[in-house]
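Novice: Dropping the structure in here first, questions after.
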Amino acid sequence: MHLFNHCCMRYISFSDISTNSFISLNDSYMYLAVVECYETLKDIIYNLLQDKEDKMIVSHICDKVEWSIQEHTFVKKFKMSGLPSLSEKLEKFLTLLRAEDDKLETLKPQIVNVLQDIVEIILQDVMHDGHLVTENLCLNTKERGQRYVNIDTDFTVNKSVKEKVIRLHLLLTVKESTKNVPKNLDARRRITFFANSLFMNMSKAPKVRNMLSFRLVIMIN
């Protein structure tokens, strides 16, 4: 699965993060989009949380992800089987955050529940050693319902933050439909040529005063 194929947006899988070296060589646009999704999501969740221990858990998870990427061991350290359920919860999470500002307070319990589900899926279904996170951080043992309860929904009221939420939701949910792909081979060739031309390297045009002059003679009968 790919996020961008030149100018076309596609569905993103977080497993693509593990192949950043391959992406950067073959499709820098997809690589940058994956990085943007990861950094935006991390920033949103971290600023949404108000409890210090909750933030420490999120930071520890992110450190694990980033370290495994540097070591090229993401696929070994994390289980890909948990990604579909994680993607589903992330979509629901962002949908709630996209709600009208005056409705965010009433949706707060739902946001908390989904956020708890997201972290639980990451720790139990995605990370191989997720159960050791709280132990390694020497945090107080809390029940599931006590974690990630203290959140600041006013954070998402900010216009720039709301735009990030909308963009992230779009990147994670827009999927390419095979029904929209032309069956005609010549049509596919033309679309591919056009898409590639948008990103081709073009030399800068010279200044007008440096251009060669020419004359056009039109014969009128």
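To be explicit about the labels: the chains of the structure tokens are called A, B, and onward in the order shown, and within each one the residues are counted from 1, while ligands get numbers from 1 in the order they are shown.
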Show which residues sit within 10 Å of A:Thr153, as a PDB file with N, CA and C atoms, in the first residue's frame. Count only C-alpha atoms, and ignore same-chain residues fewer than 2 positions away.
Specialist:
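Contents of selection-v4.pdb, freshly written:
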```pdb
ATOM      1  N   ASN A  47      -0.007  16.625  22.790  1.00  0.00           N
ATOM      2  CA  ASN A  47      -0.567  17.889  23.283  1.00  0.00           C
ATOM      3  C   ASN A  47      -1.975  17.723  23.831  1.00  0.00           C
ATOM      4  N   LEU A  48      -2.642  16.670  23.406  1.00  0.00           N
ATOM      5  CA  LEU A  48      -3.989  16.402  23.905  1.00  0.00           C
ATOM      6  C   LEU A  48      -3.941  15.911  25.353  1.00  0.00           C
ATOM      7  N   LEU A  49      -2.923  15.132  25.674  1.00  0.00           N
ATOM      8  CA  LEU A  49      -2.785  14.571  27.021  1.00  0.00           C
ATOM      9  C   LEU A  49      -2.291  15.626  28.008  1.00  0.00           C
ATOM     10  N   LEU A  97     -12.256  14.288  16.569  1.00  0.00           N
ATOM     11  CA  LEU A  97     -11.546  15.562  16.731  1.00  0.00           C
ATOM     12  C   LEU A  97     -11.943  16.578  15.667  1.00  0.00           C
ATOM     13  N   ASP A 101     -16.461  22.764  17.188  1.00  0.00           N
ATOM     14  CA  ASP A 101     -15.817  23.149  18.444  1.00  0.00           C
ATOM     15  C   ASP A 101     -16.761  23.062  19.644  1.00  0.00           C
ATOM     16  N   LEU A 104     -17.119  19.365  21.028  1.00  0.00           N
ATOM     17  CA  LEU A 104     -15.963  18.613  21.506  1.00  0.00           C
ATOM     18  C   LEU A 104     -16.084  18.221  22.972  1.00  0.00           C
ATOM     19  N   GLU A 105     -16.632  19.112  23.774  1.00  0.00           N
ATOM     20  CA  GLU A 105     -16.745  18.829  25.201  1.00  0.00           C
ATOM     21  C   GLU A 105     -17.680  17.651  25.456  1.00  0.00           C
ATOM     22  N   LEU A 107     -18.231  15.283  23.365  1.00  0.00           N
ATOM     23  CA  LEU A 107     -17.612  14.095  22.766  1.00  0.00           C
ATOM     24  C   LEU A 107     -16.374  13.637  23.532  1.00  0.00           C
ATOM     25  N   LYS A 108     -16.028  14.351  24.565  1.00  0.00           N
ATOM     26  CA  LYS A 108     -14.809  14.058  25.323  1.00  0.00           C
ATOM     27  C   LYS A 108     -14.745  12.614  25.828  1.00  0.00           C
ATOM     28  N   ILE A 111     -13.793  10.425  22.948  1.00  0.00           N
ATOM     29  CA  ILE A 111     -12.395  10.635  22.559  1.00  0.00           C
ATOM     30  C   ILE A 111     -11.467   9.891  23.509  1.00  0.00           C
ATOM     31  N   ASN A 150      -7.380  12.506  31.407  1.00  0.00           N
ATOM     32  CA  ASN A 150      -7.186  13.952  31.502  1.00  0.00           C
ATOM     33  C   ASN A 150      -6.675  14.489  30.165  1.00  0.00           C
ATOM     34  N   ILE A 151      -7.595  14.962  29.333  1.00  0.00           N
ATOM     35  CA  ILE A 151      -7.219  15.491  28.019  1.00  0.00           C
ATOM     36  C   ILE A 151      -7.739  16.916  27.860  1.00  0.00           C
ATOM     37  N   PHE A 155      -7.390  22.218  22.881  1.00  0.00           N
ATOM     38  CA  PHE A 155      -6.177  22.258  22.063  1.00  0.00           C
ATOM     39  C   PHE A 155      -6.507  22.178  20.574  1.00  0.00           C
ATOM     40  N   THR A 156      -7.534  21.403  20.234  1.00  0.00           N
ATOM     41  CA  THR A 156      -7.878  21.207  18.821  1.00  0.00           C
ATOM     42  C   THR A 156      -8.749  22.322  18.256  1.00  0.00           C
ATOM     43  N   VAL A 157      -9.156  23.258  19.096  1.00  0.00           N
ATOM     44  CA  VAL A 157      -9.972  24.376  18.613  1.00  0.00           C
ATOM     45  C   VAL A 157      -9.135  25.331  17.770  1.00  0.00           C
TER      46      VAL A 157
END
```
Novice: For A:Phe78, which of A:Gln124, A:Asn158, A:Asn210, A:Gln146 is the closest residue, counting only C-alpha atoms?
Specialist: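 Ranking A:Gln124, A:Asn158, A:Asn210, A:Gln146 by distance to A:Phe78, first place goes to A:Gln124.
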Novice: Between atom CA of A:Gln50 and atom CA of A:Asp152, what is the distance, to one decimal in Å?
Specialist: 6.7 Å
Novice: Between atom CA of A:Val174 and atom CA of A:Ser68, what is the spacing in Å?
Specialist: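 Atom-to-atom, atom CA of A:Ser68 to atom CA of A:Val174, that is 27.5 Å.
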Novice: Using only C-alpha atoms, which residues sit within 10 Å of stretch 125-134 of chain A once same-chain residues fewer than 3 positions away are excluded, as a PyMOL selection string?
Specialist: chain A and resi 53-54+56-58+60-61+64-65+74+76-83+85-86+119-122+137-142
Novice: Kindly give the distance, in Å, that separates atom CA of A:Asp51 and atom CA of A:Tyr148, rounded to a single decimal.
Specialist: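 Result for atom CA of A:Asp51 versus atom CA of A:Tyr148: 7.3 Å, one decimal.
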Novice: Could you pull out the strand (DSSP E or B) residues of stretch 3-221 of chain A from DSSP and send them as a compact mmCIF listing (two decimals) with N, CA and C atoms, in the first residue's frame?
Specialist:
```txt
# COMPACT_ATOMS: atom_id res chain seq x y z
N PHE A 4 1.34 8.08 -1.50
CA PHE A 4 1.35 8.95 -2.67
C PHE A 4 2.01 8.22 -3.82
N ASN A 5 1.43 8.32 -4.97
CA ASN A 5 2.10 7.89 -6.19
C ASN A 5 2.13 9.12 -7.07
N CYS A 8 -1.09 11.38 -6.83
CA CYS A 8 -2.30 10.67 -6.39
C CYS A 8 -2.15 10.23 -4.95
N MET A 9 -3.13 10.55 -4.10
CA MET A 9 -3.09 10.13 -2.71
C MET A 9 -3.63 8.72 -2.59
N LEU A 49 -2.92 15.13 25.67
CA LEU A 49 -2.78 14.57 27.02
C LEU A 49 -2.29 15.63 28.01
N PHE A 78 7.85 -4.72 15.82
CA PHE A 78 6.42 -4.46 15.88
C PHE A 78 5.66 -5.47 15.03
N MET A 127 3.22 -3.77 19.59
CA MET A 127 4.56 -3.88 20.18
C MET A 127 4.77 -5.28 20.77
N ILE A 151 -7.60 14.96 29.33
CA ILE A 151 -7.22 15.49 28.02
C ILE A 151 -7.74 16.92 27.86
```
Novice: Find, counting only C-alpha atoms, the residue in A:Val114, A:Met219, A:Ile191, A:Ile44 that gets nearest to A:Glu163.
Specialist: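 Using only C-alpha atoms, the shortest distance to A:Glu163 belongs to A:Ile44.
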